[in-house]
Amino acid sequence: MNYVEGPEIRDTKAPSGPIEERWDKRKFQARLVNPANRRKLHIIVVGTGLAGGSAAATLGELGYNVKSFCYQDSPRRAHSIAAQGGINAAKNYRGDGDSIYRLFYDTVKGGDFRARESNVYRLAQVSVNIIDQAVAQGVPFAREYGGLLDTRSFGGAQVSRTFYARGQTGQQLLLGAYQALERQIAAGTVQMFARHEMLDLIVSGGRARGIIVRDMVTGEIERHFADAVVLATGGYGNVFYLSTNAKGCNTTAIWRAHERGAYFANPCYTQIHPTCIPVSGEYQSKLTLMSESLRNDGRVWVPLRKGDNRAPGDIPEEERDYYLERIYPSFGNLVPRDIASRAAKNVCDEGRGVGPGGLGVYLDFSDAIRRLGREAVEKKYGNLFEMYERITGENPYEVPMRIYPAVHYTMGGLWVDYDLQSTIPGLFVIGEANFSDHGANRLGASALMQGLADGYFILPTTIGDYLADGPFGEVDEAAVEEAETKVRTRIDRLMSVNGSRTPDSFHRELGRIMWDYCGMERTEESLRKALDLIPSLREEFWRDVKVTGTAEELNQVLEKAGRVADFFDLAELMCLDALHRTESCGGHFRAESQDADGEALRDDENFAYVAAWEYSPDGTPILHKEPLEYEYVKMTQRSYK
Amino acid sequence: MNLTLKVWRQKGPEDPGRMVTYQVKDVSPDMSFLEMLDVLNERLILEGEDPIAFDHDCREGICGMCGMVINGVPHGEQKATTTCQLHMRHFEDGATITIEPWRAAPFPVIKDLVVDRSAFDRIIQAGGFISVPAGSAPDAHSIPVRKEDADAAFDAATCIGCGACVAACPNGSASLFVAAKITHLSLLPQGQPERLSRAKAMVEQMDAEGFGGCTNTGECTAVCPKGIPLDTIARMNADYLKANAK
């Protein structure tokens with residue numbers, strides 16, 4: 001797969017001037033839509049997670065006509081619900097020196113200098129409003145005895161700015177957004193379409209004007225029109241088959257928008273989380289995260305000797321390698337996610353991994369239990385230990401946990417400007433589905449912050465500026481016909497192959513290719529190999545996939561097949577992006593680009609840009625570079641030794 | 001492990017449905033219950049048969065989408081566990097397992113084990129929220145909340161809306177679901193202004209959806225994967241009575 005280079009992106013619409021005044025400036029310059037006119041404007045929001053749920057609710061509150069779509073049976077199921085740890089906000093309630101500027105600084109640095117300064121600063125500014133909003137909605141955050149909010153510290157920060165609701169922060173924030181959404185549904189401003197899957201974007205007169213969806217219960221293909229379309233459809237980690245994402249998470253909505261002209265930015269930036277429960281067998285359907293907070297007290301180790309099959313308790317202290325403490329004496333077990341993940345991979349590659357298949361390392365709490373007592377450890381981590389035991393059948397109070405890295409989050413996504421608008425006018429992209437704020441590596445507790453910042457506060461302001469020119473009149477019938485025919489043809493094609501392999505078997509094989517060749521460590525050779533294997537697997541898919549039943553009913557095999565088909569195309573672009581970026585940065589580690597100690601080596605001279613890919617029907621993507629400039633945070637190489 | 005499964009198959013809402021028996025071989029004890037069904041479904045697809053439809057998404061016990069009645073118990077016999085978190089090591093080799101959908105009139109079957117739970121969303125629409133438009137909130141610390149209240153509100157708020165409580169109740173009551181939300185919001189100072197109107201509207205919507213009344217059998221809390229306590233229902237009833245006395 002080749003690519004060509006197109007013109008650079010020079011204008012992201014971020015206002016100029018001092019960074020702390022830019023968002024205020026934009027808010028003031030954005031045109032307003034008066035309340036009477038809002039009633040005449042229609043907005044489609046796809047996805048009901050933190051970003052989509054909060055956006056649909058807020059737009060409804062403002063008086064727009066909103067249609068909200070999700071593939072689950074209820075908007076409350078979106079996968080934001082599974083986020084455990086917490087949400088960052090620069091409240092400085094601890095008086096420990098936090099500030100908007102510090103959160104901004106930590107996020108730009110944590111993103112390994114591949115995020116936009118203007119966007120990140122705005123995110124830090126808005127973070128404080130999110131906590132206020134959530135508390136007013138009744139989100140039961142953890143509190144101190146004085147009645148005030150509790151916070152904790154998280155990776156990549158030296159202050160305590162993470163607000164949390166036990167290990168279920170995502171659930172509680174999502175239910176807050178969901179309840180706000182249901183309130184608007186009752187008020188009649190939002191119409192809800194659950195069990196509907198978006199299959200294409202309608203572009204008419206150069207504007208995003210609607211979507212084609214499939215009613216997943218009846219199989220009916222429907223057209224929905226609007227003056228603007230918002231995609232809040234989450235990340236694409238399931239391209240790896242095994243990930244911490246929900247089973248239904250997919251790339252279809254953003255990929256179809258990409259095919260319609262929306263640029264896809266930094267697709268190769270993938271976050272691999274170090275502490276997940278390892279794979280137990282071929283049948284494995286998903287991976288479960290164990291909160292990063294466990295690394296506060298657990299010690300990570302593997303046997304010193306290759307192929308040491310003794311039970312962990314039989315391996316004496318001097319024959320263990322606490323490799324994180326050895327390699328990174330100052331941060332020890334608390335190094336950032338990307339570094340911890342790669343170190344685990346390295347020791348397993350050396351043949352020192354533990355558990356079935358040798359793909360695991362120990363996370364040992366015996367020291368903590370000796371030091372603090374079992375009861376104290378139980379208080380802190382009880383629910384996580386229980387979850388681990390439920391899944392593995394092993395008791396982590398007696399036997400060390402086994403953990404291994406797993407795909408968790410995708411920093412890449414559709415390219416958006418400062419207004420969160422894609423390269424298609426009227427198509428806005430929010431939450432994990434866009435690429436905007438995390439650069440090449442996301443810090444813990446920042447995903448919830450970004451989703452809600454986009455949905456409650458940023459999009460509702462910026463979309464008004466676009467809609468001030470609306471309503472945009474009739475949608476071109478030919479454009480609608482074309483999109484609907486494309487969707488129907490594709491479904492017919494999937495139904496008619498009648499081959500000999502299930503969609504899942506292809507998905508598993510694709511995931512294996514991506515994990516092996518475009519996973520934690522990438523090389524030119526591995527990426528070329530993936531780019532070789534993916535097209536032939538895709539060809540086999542279209543020749544040999546088997547979909548049972550009919551398209552006119554609830555058909556989970558058909559749903560799956562359609563999603564897998566899009567993952568092939570995305571996988572190819574991810575590998576191409578990873579191949580062209582010959583530097584290492586954040587979650588993207590190119591083995592050819594490392595320093596003498598084996599740490600990631602950025603190449604700021606050649607790669608300080610966002611890679612925004614334009615779709616080309618002839619199969620040769622066009623790369624547009626958006627140069628990144630750092631006026632406030634000085635670019636430095638990260639060091640955690 | 002080798003197992004015999006008796007699974008409810010129903011093509012659509014109009015189909016009367018029936019139990020169908022399947023043999024499943026070489027099941028690993030480390031598989032989750034849904035992974036065991038995945039393996040069976042892969043086989044069915046290759047044999048050209050329609051695989052068993054079931055709802056699922058996060059597969060880590062928090063989204064509330066999965067749920068089936070396993071050997072007569074919603075989510076199976078293991079306590080405080082969703083179907084997706086149930087593992088095969090809790091079953092005997094050679095066992096026969098029956099699998100059925102939630103059975104309750106307000107949860108009509110869509111296909112096989114998939115049911116329509118939109119009634120729950122409509123109950124939340126009736127009043128399961130605090131009315132606070134985005135951008136209108138005061139500083140979070142302007143509303144202190146007693147830790148005990150915050151913790152109790154959290155315990156009620158952990159409800160995942162799976163519907164197991166309804167499936168377990170001999171009356172098909174949704175009281176535990178409704179009471180969990182009412183309790184969550186009524187324990188917090190932010191929830192006070194709408195407290196009574198909320199309880200009244202939600203209880204009335206529950207009745208309108210065709211859910212039965214509560215007779216304190218406690219089956220709901222016994223199967224609840226999040227352990228929502230039964231005393232939330234007393235709180236709901238108290239608020240509902242107060243609302244009607246006004």
# chains A, B, ... in the order shown; residues from 1 in each chain; ligands from 1
call {"tool": "select_by_dssp", "arguments": {"residues": "region 50-159 of chain B", "states": "strand (DSSP E or B)", "output": "tab-separated table (two decimals) with C-alpha atoms, in the first residue's frame"}}
result
chain	number	residue	atom	x	y	z
B	69	VAL	CA	-32.19	-17.41	33.22
B	70	ILE	CA	-29.77	-20.26	33.89
B	73	VAL	CA	-32.12	-18.45	38.22
B	74	PRO	CA	-31.53	-15.08	36.53
B	87	HIS	CA	-17.48	-19.11	34.49
B	96	THR	CA	-27.53	-30.38	31.83
B	97	ILE	CA	-28.09	-26.61	31.81
B	98	THR	CA	-31.33	-24.89	30.89
B	99	ILE	CA	-31.12	-21.39	29.41
B	100	GLU	CA	-34.13	-19.13	29.03
B	109	VAL	CA	-39.03	-11.56	23.68
B	110	ILE	CA	-37.54	-10.17	20.46
B	111	LYS	CA	-35.66	-13.32	19.48
B	114	VAL	CA	-33.07	-11.22	23.53
B	115	VAL	CA	-35.82	-9.23	25.24
call {"tool": "interface_residues", "arguments": {"of": "chain B", "to": "chain A", "cutoff": "6 Å", "atoms": "only C-alpha atoms", "output": "ChimeraX atom specification"}}
result
/B:50,57-58,63,125,129-130,137,139-140,144-147,150,154
call {"tool": "write_last_selection", "arguments": {"atoms": "N, CA and C atoms", "output": "PDB file, in the first residue's frame"}}
result
ATOM      1  N   ASP B  50     -29.175 -21.125  12.365  1.00  0.00           N
ATOM      2  CA  ASP B  50     -29.205 -19.814  12.983  1.00  0.00           C
ATOM      3  C   ASP B  50     -28.588 -19.913  14.379  1.00  0.00           C
ATOM      4  N   ASP B  57     -22.543  -7.063  25.836  1.00  0.00           N
ATOM      5  CA  ASP B  57     -21.667  -6.036  25.255  1.00  0.00           C
ATOM      6  C   ASP B  57     -20.343  -5.937  25.991  1.00  0.00           C
ATOM      7  N   CYS B  58     -20.333  -5.382  27.212  1.00  0.00           N
ATOM      8  CA  CYS B  58     -19.031  -5.110  27.836  1.00  0.00           C
ATOM      9  C   CYS B  58     -18.324  -6.391  28.265  1.00  0.00           C
ATOM     10  N   CYS B  63     -22.235  -3.235  32.007  1.00  0.00           N
ATOM     11  CA  CYS B  63     -23.138  -2.538  31.075  1.00  0.00           C
ATOM     12  C   CYS B  63     -24.587  -2.948  31.278  1.00  0.00           C
ATOM     13  N   GLN B 125     -37.292   8.098  32.186  1.00  0.00           N
ATOM     14  CA  GLN B 125     -37.839   9.320  31.559  1.00  0.00           C
ATOM     15  C   GLN B 125     -38.892   9.988  32.445  1.00  0.00           C
ATOM     16  N   PHE B 129     -34.105  11.483  37.315  1.00  0.00           N
ATOM     17  CA  PHE B 129     -33.013  12.422  37.036  1.00  0.00           C
ATOM     18  C   PHE B 129     -33.137  13.615  37.953  1.00  0.00           C
ATOM     19  N   ILE B 130     -32.088  14.441  37.948  1.00  0.00           N
ATOM     20  CA  ILE B 130     -32.156  15.748  38.603  1.00  0.00           C
ATOM     21  C   ILE B 130     -32.119  16.772  37.478  1.00  0.00           C
ATOM     22  N   ALA B 137     -24.561  24.636  36.794  1.00  0.00           N
ATOM     23  CA  ALA B 137     -24.240  24.088  38.108  1.00  0.00           C
ATOM     24  C   ALA B 137     -23.364  25.025  38.933  1.00  0.00           C
ATOM     25  N   ASP B 139     -20.423  25.654  42.018  1.00  0.00           N
ATOM     26  CA  ASP B 139     -19.184  24.941  42.317  1.00  0.00           C
ATOM     27  C   ASP B 139     -19.490  23.680  43.125  1.00  0.00           C
ATOM     28  N   ALA B 140     -18.795  22.608  42.772  1.00  0.00           N
ATOM     29  CA  ALA B 140     -19.090  21.304  43.367  1.00  0.00           C
ATOM     30  C   ALA B 140     -19.006  21.328  44.892  1.00  0.00           C
ATOM     31  N   PRO B 144     -21.892  20.362  50.220  1.00  0.00           N
ATOM     32  CA  PRO B 144     -21.272  19.234  50.928  1.00  0.00           C
ATOM     33  C   PRO B 144     -22.306  18.119  51.133  1.00  0.00           C
ATOM     34  N   VAL B 145     -21.837  16.881  51.105  1.00  0.00           N
ATOM     35  CA  VAL B 145     -22.729  15.736  51.312  1.00  0.00           C
ATOM     36  C   VAL B 145     -22.090  14.847  52.371  1.00  0.00           C
ATOM     37  N   ARG B 146     -22.857  14.440  53.354  1.00  0.00           N
ATOM     38  CA  ARG B 146     -22.318  13.542  54.378  1.00  0.00           C
ATOM     39  C   ARG B 146     -21.765  12.301  53.707  1.00  0.00           C
ATOM     40  N   LYS B 147     -20.598  11.852  54.165  1.00  0.00           N
ATOM     41  CA  LYS B 147     -19.960  10.697  53.548  1.00  0.00           C
ATOM     42  C   LYS B 147     -20.889   9.484  53.572  1.00  0.00           C
ATOM     43  N   ALA B 150     -23.401   9.849  50.875  1.00  0.00           N
ATOM     44  CA  ALA B 150     -22.786   9.682  49.554  1.00  0.00           C
ATOM     45  C   ALA B 150     -22.534   8.204  49.288  1.00  0.00           C
ATOM     46  N   PHE B 154     -24.282   5.906  46.502  1.00  0.00           N
ATOM     47  CA  PHE B 154     -23.483   5.167  45.527  1.00  0.00           C
ATOM     48  C   PHE B 154     -23.939   3.710  45.458  1.00  0.00           C
TER      49      PHE B 154
END
call {"tool": "atom_distance", "arguments": {"atom1": "CA of Thr183 (chain B)", "atom2": "CA of Gly85 (chain A)"}}
result
24.3 Å
call {"tool": "residues_around", "arguments": {"residues": "Leu494 (chain A)", "least_positions_apart": "3", "cutoff": "10 Å", "atoms": "only C-alpha atoms", "output": "PyMOL selection string"}}
result
chain A and resi 488-491+497-499+541-548+551+558+561-562+565
call {"tool": "residues_around", "arguments": {"residues": "Pro535 (chain A)", "least_positions_apart": "6", "cutoff": "12 Å", "atoms": "only C-alpha atoms", "output": "VMD selection string"}}
result
chain A and resid 1 510 513 528 to 529 541 to 542 565 567 to 573 575 619
call {"tool": "atom_distance", "arguments": {"atom1": "CA of Thr620 (chain A)", "atom2": "CA of Glu540 (chain A)"}}
result
21.2 Å
call {"tool": "closest_residue", "arguments": {"among": "A:Arg10, A:Arg38, A:Arg195, A:Arg371", "to": "Ser68 (chain A)", "atoms": "only C-alpha atoms"}}
result
A:Arg195
call {"tool": "atom_distance", "arguments": {"atom1": "CA of Glu148 (chain B)", "atom2": "CA of Ser197 (chain B)"}}
result
24.5 Å
call {"tool": "residues_around", "arguments": {"residues": "Asp112 (chain A)", "least_positions_apart": "3", "cutoff": "7 Å", "atoms": "only C-alpha atoms", "output": "MDAnalysis selection string"}}
result
chainID A and resid 108:109 439:441 585:586
call {"tool": "select_by_dssp", "arguments": {"residues": "region 13-241 of chain B", "states": "alpha helix (DSSP H)", "output": "ChimeraX atom specification"}}
result
/B:33-46,118-127,147-157,164-168,175-186,195-208,219-223,231-241
call {"tool": "residues_around", "arguments": {"residues": "Lys6 (chain B)", "least_positions_apart": "6", "cutoff": "6 Å", "atoms": "only C-alpha atoms", "output": "ChimeraX atom specification"}}
result
/B:19-21,98
call {"tool": "write_last_selection", "arguments": {"atoms": "N, CA and C atoms", "output": "PDB file, in the first residue's frame"}}
result
ATOM      1  N   MET B  19     -37.987 -25.255  23.666  1.00  0.00           N
ATOM      2  CA  MET B  19     -36.647 -25.592  24.155  1.00  0.00           C
ATOM      3  C   MET B  19     -35.970 -26.504  23.132  1.00  0.00           C
ATOM      4  N   VAL B  20     -34.716 -26.239  22.832  1.00  0.00           N
ATOM      5  CA  VAL B  20     -33.950 -27.082  21.902  1.00  0.00           C
ATOM      6  C   VAL B  20     -32.709 -27.575  22.636  1.00  0.00           C
ATOM      7  N   THR B  21     -32.388 -28.852  22.433  1.00  0.00           N
ATOM      8  CA  THR B  21     -31.257 -29.450  23.138  1.00  0.00           C
ATOM      9  C   THR B  21     -30.003 -29.463  22.258  1.00  0.00           C
ATOM     10  N   THR B  98     -30.255 -25.517  31.645  1.00  0.00           N
ATOM     11  CA  THR B  98     -31.334 -24.890  30.887  1.00  0.00           C
ATOM     12  C   THR B  98     -31.091 -23.387  30.809  1.00  0.00           C
TER      13      THR B  98
END
call {"tool": "residues_around", "arguments": {"residues": "Ala222 (chain B)", "least_positions_apart": "2", "cutoff": "10 Å", "atoms": "only C-alpha atoms", "output": "PyMOL selection string"}}
result
chain B and resi 73-74+77+79-80+164-165+168+217-220+224-230
call {"tool": "write_last_selection", "arguments": {"atoms": "C-alpha atoms", "output": "CSV table (one decimal), in the first residue's frame"}}
result
chain,number,residue,atom,x,y,z
B,73,VAL,CA,-32.1,-18.5,38.2
B,74,PRO,CA,-31.5,-15.1,36.5
B,77,GLU,CA,-26.7,-19.5,40.8
B,79,LYS,CA,-24.2,-14.7,43.8
B,80,ALA,CA,-23.6,-11.1,42.7
B,164,ALA,CA,-32.8,-9.7,36.7
B,165,CYS,CA,-34.9,-8.4,39.5
B,168,ALA,CA,-36.8,-13.3,39.5
B,217,THR,CA,-40.5,-11.9,48.6
B,218,GLY,CA,-36.9,-10.6,48.2
B,219,GLU,CA,-36.1,-12.8,45.2
B,220,CYS,CA,-35.0,-9.6,43.4
B,224,CYS,CA,-29.2,-8.8,41.8
B,225,PRO,CA,-25.6,-8.8,40.4
B,226,LYS,CA,-24.9,-5.6,42.3
B,227,GLY,CA,-26.5,-6.5,45.6
B,228,ILE,CA,-29.0,-3.6,45.7
B,229,PRO,CA,-30.5,-4.0,49.2
B,230,LEU,CA,-34.2,-4.6,49.7
call {"tool": "closest_residue", "arguments": {"among": "A:Ala612, A:Pro278, A:Glu117, A:Thr636", "to": "Pro7 (chain A)", "atoms": "only C-alpha atoms"}}
result
A:Ala612
